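Student: Coordinates in model_32.txt, compact mmCIF, C-alpha atoms, are listed below.
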```txt
# COMPACT_ATOMS: atom_id res chain seq x y z
CA PHE F 603 -19.46 72.94 58.59
CA LEU F 604 -18.59 69.26 58.99
CA MET F 605 -17.46 68.99 55.37
CA SER F 606 -14.88 71.76 55.85
CA GLN F 607 -11.22 70.98 56.37
CA GLY F 608 -10.91 73.05 59.53
CA PRO F 609 -10.26 71.71 63.04
CA LEU F 610 -12.46 68.96 64.44
CA PRO F 611 -15.61 70.20 66.19
CA THR F 612 -15.47 70.45 69.94
CA SER F 613 -18.89 68.81 70.30
CA GLU F 614 -19.14 65.80 72.63
CA ASP F 615 -21.51 64.13 70.16
CA TRP F 616 -19.52 61.02 69.15
CA GLN F 617 -21.44 60.65 65.89
CA GLN F 618 -20.57 64.17 64.81
CA LEU F 619 -16.96 63.71 65.81
CA SER F 620 -16.68 60.35 64.03
CA PHE F 621 -18.21 61.79 60.86
CA ALA F 622 -15.87 64.78 60.90
CA ASP F 623 -12.88 62.47 61.42
CA SER F 624 -13.97 60.26 58.49
CA ILE F 625 -14.30 63.29 56.22
CA ARG F 626 -10.70 64.21 56.89
CA ARG F 627 -9.27 60.72 56.96
CA PHE F 628 -10.86 59.57 53.70
CA ASN F 629 -11.13 62.94 51.94
CA LEU F 630 -14.88 62.56 51.46
CA SER F 631 -16.64 64.76 48.93
CA SER F 632 -19.64 66.82 50.03
CA ARG F 633 -21.57 66.23 46.78
CA PRO F 634 -23.19 62.86 47.66
CA TYR F 635 -24.36 64.23 51.01
CA GLU F 636 -25.86 67.30 49.38
CA ASP F 637 -27.56 65.12 46.77
CA MET F 638 -29.02 62.87 49.48
CA ILE F 639 -30.53 65.85 51.28
CA ALA F 640 -32.06 66.92 47.96
CA GLY F 641 -33.48 63.42 47.55
CA VAL F 642 -35.07 63.35 50.99
CA SER F 643 -36.54 66.77 50.24
CA MET F 644 -38.24 65.31 47.16
CA ASP F 645 -40.46 63.25 49.48
CA LEU F 646 -41.76 66.49 50.95
CA ALA F 647 -42.82 67.81 47.55
CA LYS F 648 -43.72 64.76 45.44
CA ASN F 649 -45.86 61.66 45.83
CA ARG F 650 -45.94 60.67 42.15
CA TYR F 651 -43.27 60.14 39.46
CA GLN F 652 -44.27 60.55 35.84
CA SER F 653 -41.34 58.73 34.24
CA PHE F 654 -38.60 56.30 35.15
CA GLU F 655 -36.05 59.04 34.58
CA GLU F 656 -37.66 61.02 37.41
CA LEU F 657 -37.72 57.95 39.63
CA LYS F 658 -34.11 57.07 38.80
CA LEU F 659 -33.01 60.55 39.90
CA TYR F 660 -34.83 60.05 43.20
CA CYS F 661 -33.25 56.61 43.67
CA TYR F 662 -29.80 57.99 42.96
CA ARG F 663 -30.26 60.80 45.43
CA VAL F 664 -31.59 58.76 48.36
CA ALA F 665 -29.61 55.54 47.78
CA GLY F 666 -27.11 55.72 44.91
CA THR F 667 -25.35 58.44 46.87
CA VAL F 668 -24.66 55.94 49.67
CA GLY F 669 -22.46 53.96 47.30
CA LEU F 670 -20.48 57.11 46.50
CA MET F 671 -20.17 57.91 50.20
CA MET F 672 -18.85 54.44 50.98
CA LEU F 673 -16.39 54.01 48.09
CA PRO F 674 -13.48 56.00 49.57
CA ILE F 675 -13.84 54.03 52.81
CA LEU F 676 -14.35 50.59 51.28
CA ASN F 677 -11.81 50.88 48.52
CA GLY F 678 -9.06 53.05 49.97
CA GLN F 679 -8.01 54.25 46.52
CA GLU F 680 -9.22 56.41 43.69
CA ALA F 681 -12.23 54.69 42.11
CA SER F 682 -12.51 54.05 38.39
CA GLU F 683 -15.54 55.23 36.40
CA GLU F 684 -16.74 51.62 36.21
CA LEU F 685 -16.59 51.20 39.97
CA ILE F 686 -18.39 54.49 40.56
CA ALA F 687 -21.14 53.46 38.12
CA SER F 688 -21.48 50.09 39.85
CA ALA F 689 -21.72 51.68 43.30
CA MET F 690 -24.46 54.02 42.10
CA ALA F 691 -26.26 51.11 40.40
CA LEU F 692 -26.23 49.06 43.61
CA GLY F 693 -27.78 51.86 45.63
CA THR F 694 -30.38 52.43 42.93
CA ALA F 695 -31.17 48.69 42.83
CA PHE F 696 -31.67 48.65 46.60
CA GLN F 697 -34.06 51.60 46.48
CA LEU F 698 -36.04 50.16 43.57
CA THR F 699 -36.30 46.92 45.56
CA ASN F 700 -37.68 48.88 48.52
CA ILE F 701 -40.24 50.54 46.26
CA LEU F 702 -41.36 47.22 44.75
CA ARG F 703 -41.59 45.58 48.17
CA ASP F 704 -43.54 48.47 49.72
CA VAL F 705 -46.16 49.17 47.04
CA GLY F 706 -49.05 48.45 49.40
CA GLU F 707 -47.56 50.31 52.36
CA ASP F 708 -46.83 53.38 50.24
CA GLY F 709 -50.26 53.17 48.60
CA ARG F 710 -51.98 53.28 51.97
CA ARG F 711 -50.14 56.55 52.54
CA GLY F 712 -51.31 57.90 49.20
CA ARG F 713 -47.89 57.53 47.58
CA ILE F 714 -47.07 55.91 44.26
CA TYR F 715 -43.38 55.72 43.42
CA LEU F 716 -43.64 53.52 40.33
CA PRO F 717 -43.63 55.53 37.08
CA LEU F 718 -47.09 56.62 35.95
CA GLU F 719 -46.00 56.29 32.31
CA ASP F 720 -45.28 52.59 32.87
CA MET F 721 -48.58 52.12 34.68
CA ARG F 722 -50.53 53.58 31.79
CA TRP F 723 -48.62 51.43 29.32
CA PHE F 724 -49.59 48.24 31.18
CA GLY F 725 -53.15 49.36 31.91
CA VAL F 726 -52.70 49.84 35.65
CA SER F 727 -54.66 52.79 37.04
CA GLU F 728 -53.74 54.86 40.07
CA GLU F 729 -57.22 54.32 41.49
CA ASP F 730 -57.06 50.52 41.26
CA MET F 731 -53.55 50.46 42.69
CA LEU F 732 -54.54 52.55 45.71
CA LYS F 733 -57.73 50.53 46.27
CA ALA F 734 -55.78 47.27 46.14
CA SER F 735 -53.32 48.73 48.64
CA ARG F 736 -56.19 49.48 51.01
CA GLY F 737 -57.73 46.04 50.47
CA GLU F 738 -60.76 47.45 48.67
CA ILE F 739 -60.02 45.33 45.58
CA LYS F 740 -59.30 41.67 46.25
CA GLY F 741 -57.00 39.66 44.01
CA TYR F 742 -55.79 42.58 41.89
CA HIS F 743 -52.27 41.13 42.04
CA LYS F 744 -53.56 38.15 40.04
CA THR F 745 -54.62 40.24 37.06
CA ARG F 746 -52.57 39.94 33.89
CA GLN F 747 -51.80 43.64 33.74
CA TRP F 748 -50.41 43.71 37.29
CA GLU F 749 -48.33 40.56 36.81
CA ASP F 750 -46.85 41.90 33.56
CA PHE F 751 -46.28 45.34 35.09
CA MET F 752 -44.51 43.90 38.13
CA GLU F 753 -42.36 41.54 36.10
CA PHE F 754 -41.26 44.44 33.91
CA GLN F 755 -40.31 46.49 36.98
CA ILE F 756 -38.49 43.55 38.60
CA GLN F 757 -36.46 42.84 35.48
CA ARG F 758 -35.47 46.48 35.18
CA CYS F 759 -34.39 46.45 38.82
CA GLU F 760 -32.38 43.27 38.17
CA SER F 761 -30.49 45.08 35.39
CA PHE F 762 -29.14 47.49 38.03
CA TYR F 763 -28.07 44.55 40.19
CA LYS F 764 -26.24 43.13 37.16
CA THR F 765 -24.35 46.39 36.63
CA ALA F 766 -23.50 46.51 40.32
CA LEU F 767 -22.14 42.95 40.30
CA GLU F 768 -19.68 43.83 37.55
CA GLY F 769 -17.98 46.31 39.86
CA ILE F 770 -17.61 44.12 42.95
CA PRO F 771 -14.32 42.47 41.76
CA LEU F 772 -12.89 45.99 41.49
CA LEU F 773 -13.34 46.57 45.22
CA SER F 774 -10.59 45.93 47.75
CA GLU F 775 -10.45 42.22 48.54
CA ASN F 776 -11.46 42.64 52.20
CA CYS F 777 -14.66 44.50 51.21
CA ARG F 778 -16.09 42.21 48.55
CA PHE F 779 -17.70 39.71 50.86
CA CYS F 780 -19.91 42.19 52.74
CA VAL F 781 -21.03 43.87 49.50
CA LEU F 782 -21.82 40.49 47.93
CA VAL F 783 -23.93 39.58 50.95
CA ALA F 784 -25.96 42.77 50.61
CA TRP F 785 -26.26 42.22 46.84
CA LYS F 786 -27.57 38.69 47.30
CA VAL F 787 -29.89 39.24 50.26
CA TYR F 788 -31.52 42.38 48.92
CA GLY F 789 -31.80 40.86 45.45
CA GLY F 790 -33.56 37.91 47.08
CA ILE F 791 -36.48 40.19 47.95
CA LEU F 792 -37.33 40.36 44.25
CA GLU F 793 -37.62 36.57 44.10
CA SER F 794 -39.83 36.70 47.17
CA ILE F 795 -42.18 39.11 45.38
CA ARG F 796 -42.41 36.60 42.55
CA ARG F 797 -43.06 33.72 44.96
CA ASN F 798 -45.83 35.78 46.57
CA GLY F 799 -47.55 35.91 43.19
CA TYR F 800 -46.70 39.63 42.82
CA ASP F 801 -48.88 40.43 45.85
CA ASN F 802 -47.01 43.42 47.24
CA PHE F 803 -50.28 45.02 48.32
CA GLN F 804 -51.05 42.92 51.40
CA ARG F 805 -47.97 40.68 51.71
CA ARG F 806 -44.47 41.87 52.60
CA ALA F 807 -41.69 40.15 50.68
CA TYR F 808 -38.66 39.15 52.73
CA VAL F 809 -35.75 36.71 52.76
CA SER F 810 -36.04 34.05 55.47
CA LYS F 811 -33.21 33.44 57.96
CA PRO F 812 -32.30 30.00 56.48
CA LYS F 813 -32.20 31.54 53.02
CA LYS F 814 -30.05 34.40 54.27
CA ALA F 815 -27.62 31.89 55.77
CA SER F 816 -27.30 30.08 52.44
CA LEU F 817 -26.80 33.37 50.61
CA VAL F 818 -24.07 34.43 53.05
CA ALA F 819 -22.29 31.13 52.45
CA ALA F 820 -22.59 31.58 48.68
CA ALA F 821 -21.22 35.13 48.98
CA ARG F 822 -18.22 33.82 50.91
CA ARG F 823 -17.46 31.26 48.19
CA GLU F 824 -17.79 33.85 45.43
CA ALA F 825 -15.56 36.33 47.24
CA GLN F 826 -12.92 33.64 47.62
CA GLU F 827 -13.17 32.81 43.91
CA MET F 828 -12.74 36.45 43.00
CA ALA F 829 -9.58 36.57 45.11
CA LYS F 830 -8.17 33.47 43.37
CA GLN F 831 -8.73 34.97 39.93
CA GLN F 832 -6.56 38.00 40.64
```
Taking this structure as input, can you express it in the form of structure tokens?
Tutor:
Amino acid sequence: FLMSQGPLPTSEDWQQLSFADSIRRFNLSSRPYEDMIAGVSMDLAKNRYQSFEELKLYCYRVAGTVGLMMLPILNGQEASEELIASAMALGTAFQLTNILRDVGEDGRRGRIYLPLEDMRWFGVSEEDMLKASRGEIKGYHKTRQWEDFMEFQIQRCESFYKTALEGIPLLSENCRFCVLVAWKVYGGILESIRRNGYDNFQRRAYVSKPKKASLVAAARREAQEMAKQQ
């Protein structure tokens, strides 16, 4: 109903009205919204992912779609294939970061988002992972198999951040700064996981306020450099 091109709804709900206005003003496609609903629905039916391809589909649906939703608003022009790919990669990177940060929290709910194929390859069992999440195994994050498994997952996540970064100069100049801030701050969570010794069972990785301030300043400088180069 909201994605139609008919008259604006008569509802007094300002959120509904604002969304309907944005659809018309920026000619938003319904596909990313439909895909996101499908992604949220996956959480009702699945609590394990056999392969990274399965997980990547989930990440696209619940987060990569946000990049596609935002592009017409942020860029104000038809997006190139490279920019679309970068927007999807950034959303996927953010969701993978969430998953890596929240391993313990998800495990205590009986959920494992990380690919079971990868776990088997590195010798990480579902049972040990869930027990470590519940605190029933102490120091599991210090084992070689967990450290290697986590580093592999982090590096793969970083590859999506790299793809996303390549598209930021293609954005409208007035939008680059805010996207760079998000790119830097969220990417900083991965470094926090490393600093925590890969303990994402009992410790929550985060970026401190002083570090965020320095990253915001760095993003400002980089956005200004991008503007100079064009």
Student: Which is closer to F:Met828 than all the others in F:Pro812, F:Gly799, F:Gly769, F:Gly706, using all atoms listed in the file?
Tutor: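 The shortest atom-to-atom distance to F:Met828 comes from F:Gly769.
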Student: So that I can check the surroundings of stretch 637-649 of chain F, please list as a PyMOL selection string every protein, DNA and RNA residue that reaches within 10 Å of it, counting only C-alpha atoms and ignoring chain neighbours fewer than 4 positions away.
Tutor: chain F and resi 632-633+659-668+708-709+711-715
Student: To one decimal in Å, tell me the separation between atom CA of F:Trp723 and atom CA of F:Ile701.
Tutor: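 Computing it gives 18.9 Å between the two atoms.
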Student: Compare F:Glu738, F:Glu827, F:Glu728, F:Glu760 by their minimum atom-to-atom distance to F:Gln652, counting all atoms listed in the file, and give me the closest one.
Tutor: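 Closest candidate: F:Glu728.
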Student: Between F:Asp801, F:Gly741, F:Glu729, F:Glu684, which one has atoms that come closest to F:Glu753, using only C-alpha atoms?
Tutor: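 Among the listed residues, F:Asp801 lies closest to F:Glu753.
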Student: Identify which of the residues F:Phe779, F:Tyr788, F:Leu773, F:Val818 lies closest to F:Gln832, counting only C-alpha atoms when measuring atom-to-atom distances.
Tutor: F:Leu773
Student: May I ask which of the residues F:Ala695, F:Ile770, F:Val705, F:Leu782 is the closest one to F:Arg758, counting all atoms listed in the file?
Tutor: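 Smallest distance to F:Arg758 is found for F:Ala695.
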Student: One decimal, Å: what's the distance from atom CA of F:Phe621 over to atom CA of F:Leu698, could you say?
Tutor: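 Answer for the atom CA of F:Phe621 to atom CA of F:Leu698 separation: 27.4 Å.
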Student: Quick one: residues within 12 Å of (-7.7, 59.8, 54.5) (file frame), counting only C-alpha atoms, please, as a compact mmCIF listing (two decimals) with C-alpha atoms, in the coordinates of the input.
Tutor:
```
# COMPACT_ATOMS: atom_id res chain seq x y z
CA GLN F 607 -11.22 70.98 56.37
CA ALA F 622 -15.87 64.78 60.90
CA ASP F 623 -12.88 62.47 61.42
CA SER F 624 -13.97 60.26 58.49
CA ILE F 625 -14.30 63.29 56.22
CA ARG F 626 -10.70 64.21 56.89
CA ARG F 627 -9.27 60.72 56.96
CA PHE F 628 -10.86 59.57 53.70
CA ASN F 629 -11.13 62.94 51.94
CA LEU F 630 -14.88 62.56 51.46
CA SER F 631 -16.64 64.76 48.93
CA PRO F 674 -13.48 56.00 49.57
CA ILE F 675 -13.84 54.03 52.81
CA LEU F 676 -14.35 50.59 51.28
CA ASN F 677 -11.81 50.88 48.52
CA GLY F 678 -9.06 53.05 49.97
CA GLN F 679 -8.01 54.25 46.52
CA GLU F 680 -9.22 56.41 43.69
```
Student: To one decimal place in Å, what is the distance between atom CA of F:Asp730 and atom CA of F:Thr699?
Tutor: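 It comes out at 21.5 Å.
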Student: Restricting the calculation to all atoms listed in the file, which member of F:Met731, F:Leu702, F:Ala819, F:Leu718 is positioned closest to F:Ile795?
Tutor: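 Using all atoms listed in the file, the shortest distance to F:Ile795 belongs to F:Leu702.
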Student: Mind listing as a list in words all residues within 10 Å of (-38.0, 36.1, 53.7), counting only C-alpha atoms?
Tutor: Val787, Gly790, Ile791, Glu793, Ser794, Ile795, Arg806, Ala807, Tyr808, Val809, Ser810, Lys811, Pro812, Lys813 and Lys814 of chain F
Student: I'd like the neighbourhood of F:Glu749 as a compact mmCIF listing (two decimals) with C-alpha atoms, in the coordinates of the input, where a residue qualifies if any of its atoms comes within 12 Å (using all atoms listed in the file), though same-chain residues fewer than 6 positions away should be ignored.
Tutor:
```txt
# COMPACT_ATOMS: atom_id res chain seq x y z
CA MET F 721 -48.58 52.12 34.68
CA PHE F 724 -49.59 48.24 31.18
CA GLY F 725 -53.15 49.36 31.91
CA VAL F 726 -52.70 49.84 35.65
CA GLY F 741 -57.00 39.66 44.01
CA TYR F 742 -55.79 42.58 41.89
CA HIS F 743 -52.27 41.13 42.04
CA GLN F 755 -40.31 46.49 36.98
CA ILE F 756 -38.49 43.55 38.60
CA ILE F 795 -42.18 39.11 45.38
CA ARG F 796 -42.41 36.60 42.55
CA ARG F 797 -43.06 33.72 44.96
CA ASN F 798 -45.83 35.78 46.57
CA GLY F 799 -47.55 35.91 43.19
CA TYR F 800 -46.70 39.63 42.82
CA ASP F 801 -48.88 40.43 45.85
CA ASN F 802 -47.01 43.42 47.24
```
Student: Please return the centre and edge lengths, in Å to one decimal, of a box with edges along x, y and z that contains all listed atoms of stretch 672-687 of chain F, widened by 5 Å on every side, as JSON.
Tutor:
```
{"center_x": -14.6, "center_y": 53.5, "center_z": 44.5, "size_x": 23.1, "size_y": 15.8, "size_z": 26.6}
```
Student: Rebuild N, CA, C and O atoms on stretch 745-757 of chain F, as a PDB file, in the coordinates of the input?
Tutor:
```
ATOM      1  N   THR F 745     -54.234  39.806  38.403  1.00  0.00           N
ATOM      2  CA  THR F 745     -54.620  40.240  37.060  1.00  0.00           C
ATOM      3  C   THR F 745     -53.411  40.232  36.131  1.00  0.00           C
ATOM      4  O   THR F 745     -52.276  40.425  36.573  1.00  0.00           O
ATOM      5  N   ARG F 746     -53.665  40.015  34.869  1.00  0.00           N
ATOM      6  CA  ARG F 746     -52.570  39.940  33.890  1.00  0.00           C
ATOM      7  C   ARG F 746     -51.786  41.247  33.826  1.00  0.00           C
ATOM      8  O   ARG F 746     -50.546  41.238  33.742  1.00  0.00           O
ATOM      9  N   GLN F 747     -52.512  42.372  33.869  1.00  0.00           N
ATOM     10  CA  GLN F 747     -51.800  43.640  33.740  1.00  0.00           C
ATOM     11  C   GLN F 747     -50.869  43.900  34.914  1.00  0.00           C
ATOM     12  O   GLN F 747     -49.768  44.427  34.750  1.00  0.00           O
ATOM     13  N   TRP F 748     -51.290  43.494  36.141  1.00  0.00           N
ATOM     14  CA  TRP F 748     -50.410  43.710  37.290  1.00  0.00           C
ATOM     15  C   TRP F 748     -49.208  42.769  37.251  1.00  0.00           C
ATOM     16  O   TRP F 748     -48.077  43.180  37.527  1.00  0.00           O
ATOM     17  N   GLU F 749     -49.432  41.511  36.898  1.00  0.00           N
ATOM     18  CA  GLU F 749     -48.330  40.560  36.810  1.00  0.00           C
ATOM     19  C   GLU F 749     -47.298  41.020  35.782  1.00  0.00           C
ATOM     20  O   GLU F 749     -46.087  40.996  36.044  1.00  0.00           O
ATOM     21  N   ASP F 750     -47.769  41.446  34.603  1.00  0.00           N
ATOM     22  CA  ASP F 750     -46.850  41.900  33.560  1.00  0.00           C
ATOM     23  C   ASP F 750     -46.129  43.180  33.985  1.00  0.00           C
ATOM     24  O   ASP F 750     -44.923  43.340  33.740  1.00  0.00           O
ATOM     25  N   PHE F 751     -46.859  44.083  34.618  1.00  0.00           N
ATOM     26  CA  PHE F 751     -46.280  45.340  35.090  1.00  0.00           C
ATOM     27  C   PHE F 751     -45.195  45.079  36.126  1.00  0.00           C
ATOM     28  O   PHE F 751     -44.091  45.642  36.046  1.00  0.00           O
ATOM     29  N   MET F 752     -45.485  44.202  37.089  1.00  0.00           N
ATOM     30  CA  MET F 752     -44.510  43.900  38.130  1.00  0.00           C
ATOM     31  C   MET F 752     -43.287  43.194  37.569  1.00  0.00           C
ATOM     32  O   MET F 752     -42.151  43.497  37.942  1.00  0.00           O
ATOM     33  N   GLU F 753     -43.504  42.257  36.666  1.00  0.00           N
ATOM     34  CA  GLU F 753     -42.360  41.540  36.100  1.00  0.00           C
ATOM     35  C   GLU F 753     -41.454  42.488  35.324  1.00  0.00           C
ATOM     36  O   GLU F 753     -40.220  42.380  35.383  1.00  0.00           O
ATOM     37  N   PHE F 754     -42.047  43.425  34.629  1.00  0.00           N
ATOM     38  CA  PHE F 754     -41.260  44.440  33.910  1.00  0.00           C
ATOM     39  C   PHE F 754     -40.420  45.253  34.894  1.00  0.00           C
ATOM     40  O   PHE F 754     -39.221  45.482  34.667  1.00  0.00           O
ATOM     41  N   GLN F 755     -41.032  45.694  35.995  1.00  0.00           N
ATOM     42  CA  GLN F 755     -40.310  46.490  36.980  1.00  0.00           C
ATOM     43  C   GLN F 755     -39.203  45.677  37.653  1.00  0.00           C
ATOM     44  O   GLN F 755     -38.102  46.190  37.893  1.00  0.00           O
ATOM     45  N   ILE F 756     -39.492  44.417  37.958  1.00  0.00           N
ATOM     46  CA  ILE F 756     -38.490  43.550  38.600  1.00  0.00           C
ATOM     47  C   ILE F 756     -37.298  43.341  37.678  1.00  0.00           C
ATOM     48  O   ILE F 756     -36.141  43.430  38.107  1.00  0.00           O
ATOM     49  N   GLN F 757     -37.563  43.065  36.408  1.00  0.00           N
ATOM     50  CA  GLN F 757     -36.460  42.840  35.480  1.00  0.00           C
ATOM     51  C   GLN F 757     -35.618  44.090  35.290  1.00  0.00           C
ATOM     52  O   GLN F 757     -34.393  44.004  35.148  1.00  0.00           O
TER      53      GLN F 757
END
```
